[in-house]
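So this one's input_33.csv, CSV, C-alpha atoms:
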```csv
chain,number,residue,atom,x,y,z
A,250,MET,CA,-0.3,-18.4,-32.9
A,251,LEU,CA,-0.1,-15.8,-35.7
A,252,SER,CA,3.7,-15.5,-36.0
A,253,SER,CA,7.0,-16.1,-34.2
A,254,ASP,CA,10.2,-14.2,-34.0
A,255,GLY,CA,12.4,-16.9,-35.6
A,256,LYS,CA,15.5,-16.1,-33.5
A,257,THR,CA,13.8,-16.6,-30.1
A,258,ARG,CA,10.7,-18.4,-28.8
A,259,ALA,CA,8.7,-15.2,-28.8
A,260,ARG,CA,5.2,-15.6,-30.2
A,261,ARG,CA,2.4,-13.5,-31.5
A,262,GLY,CA,-1.2,-14.6,-30.9
A,263,ARG,CA,-4.8,-13.4,-30.5
A,264,LEU,CA,-7.3,-14.5,-28.0
A,265,SER,CA,-11.0,-14.3,-28.8
A,266,LEU,CA,-13.1,-13.8,-25.7
A,267,PRO,CA,-16.7,-12.8,-24.9
A,268,HIS,CA,-15.8,-9.2,-24.4
A,269,GLY,CA,-13.3,-8.7,-27.2
A,270,THR,CA,-10.0,-9.9,-28.5
A,271,VAL,CA,-6.6,-9.7,-26.9
A,272,ASP,CA,-3.4,-9.5,-28.9
A,273,THR,CA,-0.4,-11.2,-27.3
A,274,PRO,CA,2.1,-10.7,-25.8
A,275,ALA,CA,-0.2,-8.8,-23.4
A,276,PHE,CA,0.1,-7.2,-20.0
A,277,MET,CA,-2.9,-7.1,-17.7
A,278,PRO,CA,-3.1,-4.2,-15.2
A,279,VAL,CA,-4.1,-5.5,-11.8
A,280,GLY,CA,-7.5,-4.4,-10.5
A,281,THR,CA,-7.7,-6.8,-7.5
A,282,GLN,CA,-10.9,-5.4,-6.0
A,283,GLY,CA,-12.5,-4.3,-9.3
A,284,THR,CA,-10.4,-1.2,-9.7
A,285,VAL,CA,-6.9,-0.6,-11.0
A,286,LYS,CA,-5.6,1.7,-8.2
A,287,ALA,CA,-5.6,5.4,-9.1
A,288,MET,CA,-7.0,4.8,-12.6
A,289,THR,CA,-10.5,5.2,-14.2
A,290,VAL,CA,-11.7,2.8,-16.8
A,291,GLY,CA,-11.6,5.6,-19.3
A,292,GLU,CA,-8.0,6.2,-18.6
A,293,LEU,CA,-7.3,2.4,-19.0
A,294,GLU,CA,-9.0,2.4,-22.4
A,295,GLU,CA,-7.1,5.6,-23.4
A,296,ILE,CA,-3.7,4.0,-22.8
A,297,GLY,CA,-4.7,0.8,-24.6
A,298,ALA,CA,-5.4,-1.8,-21.9
A,299,GLN,CA,-6.9,-4.8,-23.6
A,300,ILE,CA,-7.7,-6.9,-20.5
A,301,ILE,CA,-7.5,-6.4,-16.8
A,302,LEU,CA,-7.1,-8.8,-13.9
A,303,CYS,CA,-9.5,-8.9,-10.9
A,304,ASN,CA,-9.4,-11.3,-7.9
A,305,ALA,CA,-12.4,-13.6,-7.3
A,306,TYR,CA,-11.3,-14.2,-3.7
A,307,HIS,CA,-11.5,-10.5,-2.8
A,308,LEU,CA,-14.7,-9.8,-4.7
A,309,HIS,CA,-16.3,-12.9,-3.1
A,310,LEU,CA,-15.6,-11.4,0.3
A,311,ARG,CA,-16.6,-7.9,-0.6
A,312,PRO,CA,-19.0,-6.9,-2.1
A,313,GLY,CA,-19.9,-10.5,-2.8
A,314,GLU,CA,-20.6,-12.0,-6.3
A,315,GLU,CA,-24.4,-11.8,-5.7
A,316,ILE,CA,-24.2,-8.0,-5.5
A,317,VAL,CA,-22.0,-7.9,-8.6
A,318,ALA,CA,-24.6,-10.1,-10.3
A,319,LEU,CA,-27.4,-7.6,-9.4
A,320,ALA,CA,-25.5,-5.0,-11.6
A,321,GLY,CA,-25.4,-7.5,-14.5
A,322,GLY,CA,-21.9,-8.9,-13.8
A,323,LEU,CA,-18.5,-7.6,-13.1
A,324,HIS,CA,-18.1,-5.8,-16.5
A,325,ARG,CA,-21.2,-3.6,-15.8
A,326,PHE,CA,-20.4,-3.3,-12.1
A,327,ILE,CA,-17.0,-1.7,-12.7
A,328,ASN,CA,-18.0,-0.1,-16.1
A,329,TRP,CA,-15.3,-2.0,-18.0
A,330,GLN,CA,-16.5,-3.6,-21.3
A,331,ARG,CA,-13.2,-5.3,-22.4
A,332,PRO,CA,-12.0,-8.7,-21.2
A,333,ILE,CA,-11.4,-9.6,-17.6
A,334,LEU,CA,-9.3,-12.4,-16.1
A,335,THR,CA,-10.2,-13.3,-12.6
A,336,ASP,CA,-7.6,-15.0,-10.3
A,337,SER,CA,-9.1,-17.7,-8.1
A,338,GLY,CA,-7.6,-16.9,-4.7
A,339,GLY,CA,-5.0,-19.6,-4.6
A,340,PHE,CA,-2.3,-17.0,-3.9
A,341,GLN,CA,-4.3,-15.8,-1.0
A,342,VAL,CA,-4.1,-19.3,0.4
A,343,PHE,CA,-0.4,-18.8,0.3
A,344,SER,CA,-0.2,-15.2,1.6
A,345,LEU,CA,-2.9,-15.5,4.3
A,346,GLU,CA,-1.7,-19.0,5.4
A,347,ALA,CA,-2.3,-18.3,9.1
A,348,LEU,CA,-6.0,-17.8,8.4
A,349,CYS,CA,-6.4,-21.0,6.3
A,350,ARG,CA,-6.8,-24.8,6.7
A,351,VAL,CA,-6.2,-26.7,3.5
A,352,ASP,CA,-7.4,-30.3,2.9
A,353,ASP,CA,-7.9,-32.3,-0.3
A,354,GLY,CA,-11.5,-31.1,-0.6
A,355,GLY,CA,-10.6,-27.4,-0.6
A,356,VAL,CA,-9.7,-24.5,1.7
A,357,THR,CA,-11.4,-23.4,4.9
A,358,PHE,CA,-10.4,-19.9,6.1
A,359,ARG,CA,-11.5,-17.0,8.1
A,360,SER,CA,-12.2,-13.8,6.3
A,361,HIS,CA,-9.5,-11.2,6.9
A,362,LEU,CA,-12.4,-8.6,6.9
A,363,ASP,CA,-14.8,-9.9,9.5
A,364,GLY,CA,-13.4,-13.2,10.8
A,365,GLN,CA,-16.3,-15.3,9.4
A,366,GLU,CA,-15.4,-18.8,8.4
A,367,ARG,CA,-15.6,-19.5,4.6
A,368,ARG,CA,-15.0,-22.5,2.4
A,369,LEU,CA,-13.6,-22.6,-1.1
A,370,THR,CA,-13.6,-25.7,-3.2
A,371,PRO,CA,-12.6,-26.1,-6.9
A,372,GLU,CA,-16.2,-26.2,-7.9
A,373,LYS,CA,-17.2,-23.2,-5.7
A,374,VAL,CA,-14.4,-21.1,-7.2
A,375,ILE,CA,-15.8,-21.8,-10.7
A,376,ASP,CA,-19.2,-20.8,-9.6
A,377,ILE,CA,-18.0,-17.5,-8.2
A,378,GLN,CA,-16.2,-16.6,-11.4
A,379,ARG,CA,-19.1,-17.7,-13.5
A,380,THR,CA,-21.4,-15.4,-11.5
A,381,LEU,CA,-18.9,-12.6,-11.9
A,382,GLY,CA,-19.0,-13.1,-15.7
A,383,SER,CA,-15.2,-13.5,-16.2
A,384,ASP,CA,-13.7,-13.9,-19.6
A,385,ILE,CA,-10.8,-16.0,-18.4
A,386,VAL,CA,-11.3,-18.2,-15.2
A,387,MET,CA,-8.5,-19.5,-13.0
A,388,PRO,CA,-8.9,-22.7,-10.9
A,389,LEU,CA,-8.1,-23.0,-7.2
A,390,ASP,CA,-4.5,-24.0,-6.6
A,391,GLN,CA,-2.0,-24.1,-3.7
A,392,PRO,CA,1.3,-22.3,-4.1
A,393,VAL,CA,3.9,-22.9,-1.5
A,394,PRO,CA,6.7,-20.6,-0.1
A,395,PHE,CA,10.3,-21.0,-1.1
A,396,GLY,CA,12.1,-23.3,1.3
A,397,CYS,CA,9.1,-25.4,2.3
A,398,PRO,CA,9.9,-29.1,2.9
A,399,GLU,CA,10.0,-31.3,-0.2
A,400,ALA,CA,7.1,-33.5,1.2
A,401,ALA,CA,4.9,-30.5,1.7
A,402,ALA,CA,5.8,-29.2,-1.8
A,403,GLU,CA,4.9,-32.5,-3.4
A,404,GLU,CA,1.6,-32.7,-1.5
A,405,ALA,CA,0.6,-29.2,-2.6
A,406,CYS,CA,1.5,-30.0,-6.2
A,407,GLU,CA,-0.5,-33.2,-6.2
A,408,ARG,CA,-3.4,-31.3,-4.6
A,409,SER,CA,-3.3,-28.4,-7.1
A,410,ASP,CA,-3.3,-30.9,-10.0
A,411,ALA,CA,-6.2,-32.8,-8.6
A,412,TRP,CA,-8.1,-29.5,-8.0
A,413,ALA,CA,-7.4,-28.5,-11.6
A,414,GLU,CA,-8.9,-31.8,-12.9
A,415,ARG,CA,-12.0,-31.3,-10.7
A,416,ALA,CA,-12.4,-27.7,-11.9
A,417,LEU,CA,-12.2,-28.8,-15.5
A,418,ARG,CA,-14.6,-31.6,-15.0
A,419,TYR,CA,-17.1,-29.2,-13.3
A,420,TRP,CA,-16.5,-26.5,-16.0
A,421,ARG,CA,-17.5,-29.0,-18.7
A,422,SER,CA,-20.4,-30.6,-16.9
A,423,SER,CA,-22.0,-27.4,-15.8
A,424,GLY,CA,-21.6,-25.7,-19.2
A,425,ALA,CA,-19.7,-22.8,-17.7
A,426,GLY,CA,-17.7,-22.1,-20.8
A,427,LYS,CA,-20.6,-22.2,-23.3
A,428,GLY,CA,-20.6,-18.4,-23.7
A,429,GLY,CA,-17.0,-18.4,-24.9
A,430,ALA,CA,-15.3,-17.9,-21.6
A,431,ALA,CA,-11.9,-19.8,-21.1
A,432,LEU,CA,-10.6,-21.9,-18.3
A,433,PHE,CA,-6.8,-21.9,-17.8
A,434,GLY,CA,-4.9,-24.5,-15.8
A,435,ILE,CA,-2.2,-23.5,-13.4
A,436,ALA,CA,1.0,-25.5,-13.5
A,437,GLN,CA,2.6,-25.7,-10.0
A,438,GLY,CA,5.4,-27.8,-8.7
A,439,ALA,CA,7.1,-25.5,-6.1
A,440,PHE,CA,10.9,-25.3,-6.7
A,441,ASN,CA,11.5,-28.9,-7.8
A,442,GLU,CA,12.3,-29.6,-11.4
A,443,ALA,CA,10.7,-33.0,-11.5
A,444,LEU,CA,7.5,-31.7,-9.9
A,445,ARG,CA,7.4,-28.8,-12.3
A,446,ARG,CA,7.6,-31.2,-15.3
A,447,ARG,CA,5.0,-33.6,-13.8
A,448,SER,CA,2.5,-30.8,-13.1
A,449,ALA,CA,2.9,-29.2,-16.6
A,450,ARG,CA,2.6,-32.6,-18.3
A,451,ARG,CA,-0.5,-33.5,-16.4
A,452,LEU,CA,-2.3,-30.3,-17.1
A,453,ALA,CA,-1.3,-30.3,-20.8
A,454,GLY,CA,-3.0,-33.7,-21.0
A,455,MET,CA,-6.2,-32.4,-19.6
A,456,GLY,CA,-6.9,-29.9,-22.4
A,457,PHE,CA,-7.4,-26.5,-20.8
A,458,ASP,CA,-8.0,-23.5,-23.0
A,459,GLY,CA,-4.8,-21.9,-21.8
A,460,TYR,CA,-2.1,-22.5,-19.2
A,461,ALA,CA,-0.6,-20.4,-16.4
A,462,ILE,CA,2.7,-20.8,-14.6
A,463,GLY,CA,2.1,-20.1,-10.9
A,464,GLY,CA,4.1,-20.2,-7.7
A,465,LEU,CA,7.3,-18.5,-9.1
A,466,SER,CA,9.0,-15.2,-8.0
A,467,VAL,CA,7.9,-15.7,-4.4
A,468,GLY,CA,11.4,-15.4,-2.8
A,469,GLU,CA,13.5,-17.9,-4.7
A,470,PRO,CA,16.8,-16.9,-6.4
A,471,PRO,CA,16.2,-15.4,-9.8
A,472,GLU,CA,18.3,-18.0,-11.6
A,473,LEU,CA,16.0,-20.7,-10.2
A,474,THR,CA,12.9,-18.8,-11.4
A,475,TRP,CA,14.1,-18.8,-14.9
A,476,ARG,CA,15.3,-22.4,-14.9
A,477,LEU,CA,11.9,-23.6,-13.6
A,478,LEU,CA,10.1,-21.4,-16.1
A,479,GLU,CA,11.9,-22.9,-19.0
A,480,ILE,CA,11.3,-26.4,-17.7
A,481,THR,CA,7.6,-25.7,-17.4
A,482,LEU,CA,7.2,-24.1,-20.8
A,483,ALA,CA,8.8,-27.0,-22.5
A,484,GLU,CA,5.9,-29.2,-21.3
A,485,LEU,CA,3.0,-27.0,-22.2
A,486,PRO,CA,1.2,-27.1,-25.6
A,487,ALA,CA,2.5,-24.7,-28.1
A,488,ASP,CA,-0.9,-23.9,-29.5
A,489,ARG,CA,-2.4,-22.5,-26.2
A,490,PRO,CA,-1.7,-19.2,-24.5
A,491,ARG,CA,0.8,-19.3,-21.6
A,492,TYR,CA,0.4,-16.9,-18.7
A,493,LEU,CA,3.2,-16.1,-16.3
A,494,MET,CA,1.6,-15.0,-13.1
A,495,GLY,CA,2.8,-12.1,-11.0
A,496,LEU,CA,6.2,-11.3,-12.6
A,497,GLY,CA,7.7,-8.6,-13.3
A,498,THR,CA,9.9,-5.8,-14.3
A,499,PRO,CA,10.2,-4.6,-17.9
A,500,ALA,CA,13.5,-6.6,-18.2
A,501,ASP,CA,11.7,-9.7,-16.8
A,502,LEU,CA,8.8,-9.3,-19.3
A,503,VAL,CA,10.9,-9.3,-22.4
A,504,ARG,CA,13.0,-12.2,-21.1
A,505,ALA,CA,9.9,-14.2,-20.5
A,506,ILE,CA,8.5,-13.3,-23.9
A,507,ALA,CA,11.7,-14.6,-25.5
A,508,LEU,CA,11.1,-17.9,-23.7
A,509,GLY,CA,7.5,-18.2,-25.1
A,510,CYS,CA,5.3,-16.6,-22.5
A,511,ASP,CA,2.2,-14.7,-23.8
A,512,MET,CA,0.4,-13.0,-20.9
A,513,PHE,CA,1.5,-11.2,-17.7
A,514,ASP,CA,0.2,-9.4,-14.7
A,515,CYS,CA,2.1,-7.5,-12.0
A,516,VAL,CA,1.4,-4.8,-9.4
A,517,LEU,CA,4.8,-3.1,-9.9
A,518,PRO,CA,3.7,-0.3,-12.3
A,519,THR,CA,0.8,0.7,-10.1
A,520,ARG,CA,2.5,0.2,-6.7
A,521,LEU,CA,5.7,2.0,-7.7
A,522,GLY,CA,3.6,4.8,-9.3
A,523,ARG,CA,2.0,5.4,-5.9
A,524,ASN,CA,5.4,5.5,-4.4
A,525,ALA,CA,6.9,8.2,-6.7
A,526,MET,CA,8.8,5.7,-9.0
A,527,ALA,CA,8.6,5.9,-12.8
A,528,TYR,CA,9.6,3.5,-15.5
A,529,THR,CA,11.2,5.4,-18.4
A,530,SER,CA,13.4,4.9,-21.4
A,531,GLU,CA,16.2,5.9,-19.1
A,532,GLY,CA,15.4,3.2,-16.6
A,533,ARG,CA,13.6,3.6,-13.3
A,534,LEU,CA,13.5,7.1,-11.7
A,535,ASN,CA,12.7,8.2,-8.2
A,536,MET,CA,10.7,11.4,-8.6
A,537,ARG,CA,11.4,12.4,-5.0
A,538,ASN,CA,15.1,12.8,-5.9
A,539,ALA,CA,16.4,16.4,-5.7
A,540,ARG,CA,17.9,16.2,-9.1
A,541,HIS,CA,14.5,16.6,-10.7
A,542,ALA,CA,13.5,19.7,-8.6
A,543,ARG,CA,14.4,22.2,-11.3
A,544,SER,CA,14.0,20.1,-14.4
A,545,VAL,CA,11.5,21.4,-16.9
A,546,GLU,CA,11.9,18.3,-19.1
A,547,PRO,CA,9.1,15.8,-19.5
A,548,LEU,CA,9.3,12.7,-17.4
A,549,ASP,CA,10.3,10.7,-20.5
A,550,PRO,CA,11.1,12.6,-23.7
A,551,ARG,CA,10.5,9.4,-25.7
A,552,CYS,CA,7.0,8.8,-24.2
A,553,SER,CA,3.8,9.8,-25.9
A,554,CYS,CA,1.5,9.6,-22.8
A,555,GLU,CA,-0.6,12.6,-21.5
A,556,VAL,CA,1.7,12.9,-18.5
A,557,CYS,CA,4.8,13.3,-20.5
A,558,ALA,CA,3.1,15.7,-22.9
A,559,ASN,CA,1.8,18.0,-20.2
A,560,TYR,CA,3.9,17.9,-17.0
A,561,THR,CA,7.5,18.6,-16.1
A,562,ARG,CA,9.7,16.5,-13.9
A,563,ALA,CA,9.8,19.5,-11.5
A,564,TYR,CA,6.0,19.5,-11.1
A,565,LEU,CA,5.9,15.7,-10.7
A,566,ARG,CA,8.6,15.9,-8.0
A,567,HIS,CA,6.7,18.7,-6.3
A,568,LEU,CA,3.6,16.5,-6.2
A,569,ALA,CA,5.6,13.5,-4.9
A,570,VAL,CA,7.3,15.4,-2.0
A,571,SER,CA,4.1,17.1,-1.2
A,572,LYS,CA,2.3,13.8,-1.0
A,573,GLU,CA,-0.4,15.0,-3.3
A,574,ILE,CA,-2.8,12.3,-4.7
A,575,LEU,CA,-2.5,13.7,-8.2
A,576,GLY,CA,1.2,12.6,-8.2
A,577,CYS,CA,0.2,9.0,-7.5
A,578,ARG,CA,-2.4,9.2,-10.3
A,579,LEU,CA,-0.1,10.7,-12.9
A,580,LEU,CA,2.8,8.4,-12.2
A,581,THR,CA,0.5,5.3,-12.2
A,582,TYR,CA,-0.9,6.5,-15.5
A,583,HIS,CA,2.5,6.9,-17.0
A,584,ASN,CA,3.8,3.5,-15.7
A,585,LEU,CA,0.9,1.6,-17.1
A,586,HIS,CA,1.2,3.4,-20.4
A,587,TYR,CA,4.9,2.4,-20.4
A,588,TYR,CA,4.1,-1.3,-19.8
A,589,LEU,CA,1.3,-1.4,-22.4
A,590,ARG,CA,3.5,0.4,-25.0
A,591,LEU,CA,6.3,-2.1,-24.1
A,592,MET,CA,3.9,-4.9,-25.1
A,593,GLU,CA,2.9,-3.1,-28.3
A,594,ARG,CA,6.5,-2.6,-29.2
A,595,ALA,CA,7.2,-6.3,-28.4
A,596,ARG,CA,4.5,-7.4,-30.8
A,597,GLN,CA,5.8,-5.2,-33.5
A,598,ALA,CA,9.3,-6.5,-33.0
A,599,ILE,CA,8.1,-10.1,-33.2
A,600,ASP,CA,6.3,-9.3,-36.5
A,601,GLN,CA,9.4,-7.7,-37.9
A,602,GLY,CA,11.7,-10.6,-36.8
A,603,ARG,CA,13.8,-8.4,-34.5
A,604,PHE,CA,12.6,-9.3,-31.1
A,605,ALA,CA,16.0,-10.5,-29.9
A,606,GLU,CA,17.5,-7.0,-30.6
A,607,PHE,CA,14.5,-5.3,-29.0
A,608,ALA,CA,14.7,-7.5,-25.8
A,609,GLU,CA,18.5,-6.8,-25.5
A,610,GLU,CA,17.8,-3.0,-25.7
A,611,ILE,CA,15.1,-3.2,-23.0
A,612,GLN,CA,17.2,-5.3,-20.7
A,613,ARG,CA,20.2,-3.0,-21.1
A,614,VAL,CA,18.1,0.0,-20.0
A,615,HIS,CA,16.4,-1.7,-17.1
A,616,GLN,CA,19.4,-3.6,-15.7
A,617,ARG,CA,21.1,-0.3,-14.9
A,618,PRO,CA,21.1,0.6,-11.2
A,619,ALA,CA,17.6,2.1,-10.5
A,620,GLU,CA,17.4,5.6,-9.0
A,621,ASP,CA,16.0,4.4,-5.7
A,622,ALA,CA,17.4,6.7,-3.1
A,623,ASP,CA,15.1,9.5,-1.7
A,624,ASP,CA,16.6,13.0,-1.6
A,625,ASP,CA,13.7,15.2,-0.9
A,626,ARG,CA,15.5,18.3,0.3
```

Starting from the file, lay out its structure as structure tokens.
Amino acid sequence: MLSSDGKTRARRGRLSLPHGTVDTPAFMPVGTQGTVKAMTVGELEEIGAQIILCNAYHLHLRPGEEIVALAGGLHRFINWQRPILTDSGGFQVFSLEALCRVDDGGVTFRSHLDGQERRLTPEKVIDIQRTLGSDIVMPLDQPVPFGCPEAAAEEACERSDAWAERALRYWRSSGAGKGGAALFGIAQGAFNEALRRRSARRLAGMGFDGYAIGGLSVGEPPELTWRLLEITLAELPADRPRYLMGLGTPADLVRAIALGCDMFDCVLPTRLGRNAMAYTSEGRLNMRNARHARSVEPLDPRCSCEVCANYTRAYLRHLAVSKEILGCRLLTYHNLHYYLRLMERARQAIDQGRFAEFAEEIQRVHQRPAEDADDDR
């Protein structure tokens, strides 16, 4: 770690990866199938994305890692020359549960694309990501839904930890990390404090390059999410990056940074951008709302992105209510710029010893009621 805030547990760090460095705290735009929806790689570079997330499960099914390899790896295939983290597909085991059969050896499932039976094991998942050429590799794990029986939660936690150990052993024996790629462990434990501690301690003892916190923000009460996150972070090594998977809003991000998280991914900025929602210094706005129909102001007067420099709220609303594709693109661009600028400002605030004040400001703005109601008259 390069520096800390002093008043909170917020940290500054730098990851050195085969395709470049990443300054943390960092947000990773989500490019599940090798594309961040509605964005070109040039636009991602323009707004300062340091690293993106792709999904090994989806790329394995289509187009297949062998086809990606023909192009020289995932970076060349998608024309992105900065770092890539690939998620393993563990969350798909959770979200596509009806198509899966899980045992201690791995996961057998039917592709949601063509119905063909496939098999993933901890070792197979490493091979897929090695073929893709990922900078940060995630092992196979088994998240569980909120409310699952305690026995099932413990079984899934034990299995995830065992799979992590197998993945790490295979990673080392196969030489997969020799080129500088990193393997992160994923701490699980469902919604049980003792399981969370146990999983985090086990993985910490294995010596991964970094650690992810998985299986949170999947339907549990928010107060439980934050309690379990604190419990998990307390058990993870302070000298390794900590990646909170799949969460959240701007207010969530600064709260998690204050607790000691370093890396994040979330579909919110892109998904909401495609649905006419914008994150701004005034909070979240619904650009279908009639109050923007005659506004010649920029989307966010405090934003320096190309959208705010060149387009009015009235035009963006017109695109939204007309269901024009350009509206989706412009709002996605702005939202990702907002998230990436939020991380840049967070890093500056940590360096200057004022992160607590910065986080309070962001939470105050984004805990206001969001402008969600459509009024497209």

Practice problem: Please provide as a ChimeraX atom specification all residues within 10 Å of segment 348-363 of chain A, with the sequence filter that same-chain residues fewer than 2 positions apart are discarded (counting only C-alpha atoms). | Solution: /A:307,310-311,339,341-346,365-374,389-391,404-405,407-409,411-412

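With all atoms listed in the file as the basis for measurement, A:Leu323 is the residue among A:Ile599, A:Leu565, A:Val317, A:Leu323 that approaches Cys303 of chain A most closely.
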
Quiz item: What does the distance between atom CA of Pro274 of chain A and atom CA of Glu593 of chain A come to in Å, to one decimal place?
Solution: 8.0 Å

Self-check item: Selection as a count of residues only: residues within 12 Å of (15.4, -20.7, -5.7), counting all atoms listed in the file
Solution: 23

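The interatomic distance for the pair atom CA of Ile327 of chain A and atom CA of Leu293 of chain A works out to 12.3 Å.
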
Hey, what's within 7 Å of Phe433 of chain A if we count only C-alpha atoms and toss same-chain stuff fewer than 6 positions away? As a short mmCIF file (atom, residue, chain, number, x, y, z; two decimals) with C-alpha atoms, keeping the file's coordinate frame, please?
```
data_model
loop_
_atom_site.label_atom_id
_atom_site.label_comp_id
_atom_site.auth_asym_id
_atom_site.auth_seq_id
_atom_site.Cartn_x
_atom_site.Cartn_y
_atom_site.Cartn_z
CA VAL A 386 -11.30 -18.20 -15.20
CA MET A 387 -8.50 -19.50 -13.00
CA PHE A 457 -7.40 -26.50 -20.80
CA ASP A 458 -8.00 -23.50 -23.00
CA GLY A 459 -4.80 -21.90 -21.80
CA TYR A 460 -2.10 -22.50 -19.20
CA ALA A 461 -0.60 -20.40 -16.40
#
```

Self-check item: Residue neighbourhood Pro518 of chain A, 12 Å, only C-alpha atoms, exclusion window fewer than 4 positions, as number ranges by chain
Solution: A: 276-279, 285-288, 495-499, 514, 522-529, 533, 577-589

Determine, counting all atoms listed in the file, which protein, DNA and RNA residues have an atom within 12 Å of an atom of Glu609 of chain A; residues of the same chain fewer than 6 positions away are not included. Present the result as a PDB file with C-alpha atoms, in the frame of the given file.
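And here's out27.pdb as it stands now:
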```pdb
ATOM      1  CA  THR A 257      13.800 -16.600 -30.100  1.00  0.00           C
ATOM      2  CA  PRO A 499      10.200  -4.600 -17.900  1.00  0.00           C
ATOM      3  CA  ALA A 500      13.500  -6.600 -18.200  1.00  0.00           C
ATOM      4  CA  ASP A 501      11.700  -9.700 -16.800  1.00  0.00           C
ATOM      5  CA  LEU A 502       8.800  -9.300 -19.300  1.00  0.00           C
ATOM      6  CA  VAL A 503      10.900  -9.300 -22.400  1.00  0.00           C
ATOM      7  CA  ARG A 504      13.000 -12.200 -21.100  1.00  0.00           C
ATOM      8  CA  ALA A 507      11.700 -14.600 -25.500  1.00  0.00           C
ATOM      9  CA  ALA A 595       7.200  -6.300 -28.400  1.00  0.00           C
ATOM     10  CA  ALA A 598       9.300  -6.500 -33.000  1.00  0.00           C
ATOM     11  CA  ARG A 603      13.800  -8.400 -34.500  1.00  0.00           C
ATOM     12  CA  HIS A 615      16.400  -1.700 -17.100  1.00  0.00           C
ATOM     13  CA  GLN A 616      19.400  -3.600 -15.700  1.00  0.00           C
TER      14      GLN A 616
END
```

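In this comparison, which uses only C-alpha atoms, the residue of A:Phe513, A:Trp420, A:Trp329, A:Phe340 approaching Leu493 of chain A most closely is A:Phe513.
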
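The two atoms in question, atom CA of Tyr419 of chain A and atom CA of Leu381 of chain A, are spaced 16.8 Å apart.
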
Quiz item: If you count all atoms listed in the file, which residues fall within 10 Å of Gly255 of chain A, apart from same-chain ones fewer than 4 positions away, as JSON, numbers by chain?
Solution: {"A": [259, 260, 599, 600, 601, 602, 603, 604, 605]}

Exercise. Pull the neighbourhood of (8.2, 21.8, -18.1) for me: all residues within 12 Å in file coordinates, counting all atoms listed in the file, as a PyMOL selection string.
Key: chain A and resi 541-550+556-566

I need the residues from that last selection saved to file as a compact mmCIF listing (two decimals), in the frame of the given file (with C-alpha atoms), if you can.
```txt
# COMPACT_ATOMS: atom_id res chain seq x y z
CA HIS A 541 14.50 16.60 -10.70
CA ALA A 542 13.50 19.70 -8.60
CA ARG A 543 14.40 22.20 -11.30
CA SER A 544 14.00 20.10 -14.40
CA VAL A 545 11.50 21.40 -16.90
CA GLU A 546 11.90 18.30 -19.10
CA PRO A 547 9.10 15.80 -19.50
CA LEU A 548 9.30 12.70 -17.40
CA ASP A 549 10.30 10.70 -20.50
CA PRO A 550 11.10 12.60 -23.70
CA VAL A 556 1.70 12.90 -18.50
CA CYS A 557 4.80 13.30 -20.50
CA ALA A 558 3.10 15.70 -22.90
CA ASN A 559 1.80 18.00 -20.20
CA TYR A 560 3.90 17.90 -17.00
CA THR A 561 7.50 18.60 -16.10
CA ARG A 562 9.70 16.50 -13.90
CA ALA A 563 9.80 19.50 -11.50
CA TYR A 564 6.00 19.50 -11.10
CA LEU A 565 5.90 15.70 -10.70
CA ARG A 566 8.60 15.90 -8.00
```

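Of the residues under consideration (A:Gly262, A:Asp254, A:Pro388, A:Gly532), A:Asp254 shows the shortest atom-to-atom contact distance to Phe607 of chain A when counting all atoms listed in the file.
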
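Considering the residues A:Ile574, A:Val393, A:Ala425, A:Leu568 and counting all atoms listed in the file, Asp376 of chain A has its shortest atom-to-atom contact with A:Ala425.
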
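If you measure from each of A:Gly438, A:Gly338, A:Gly509, A:Gly463 to Arg451 of chain A using all atoms listed in the file, the closest one turns out to be A:Gly438.
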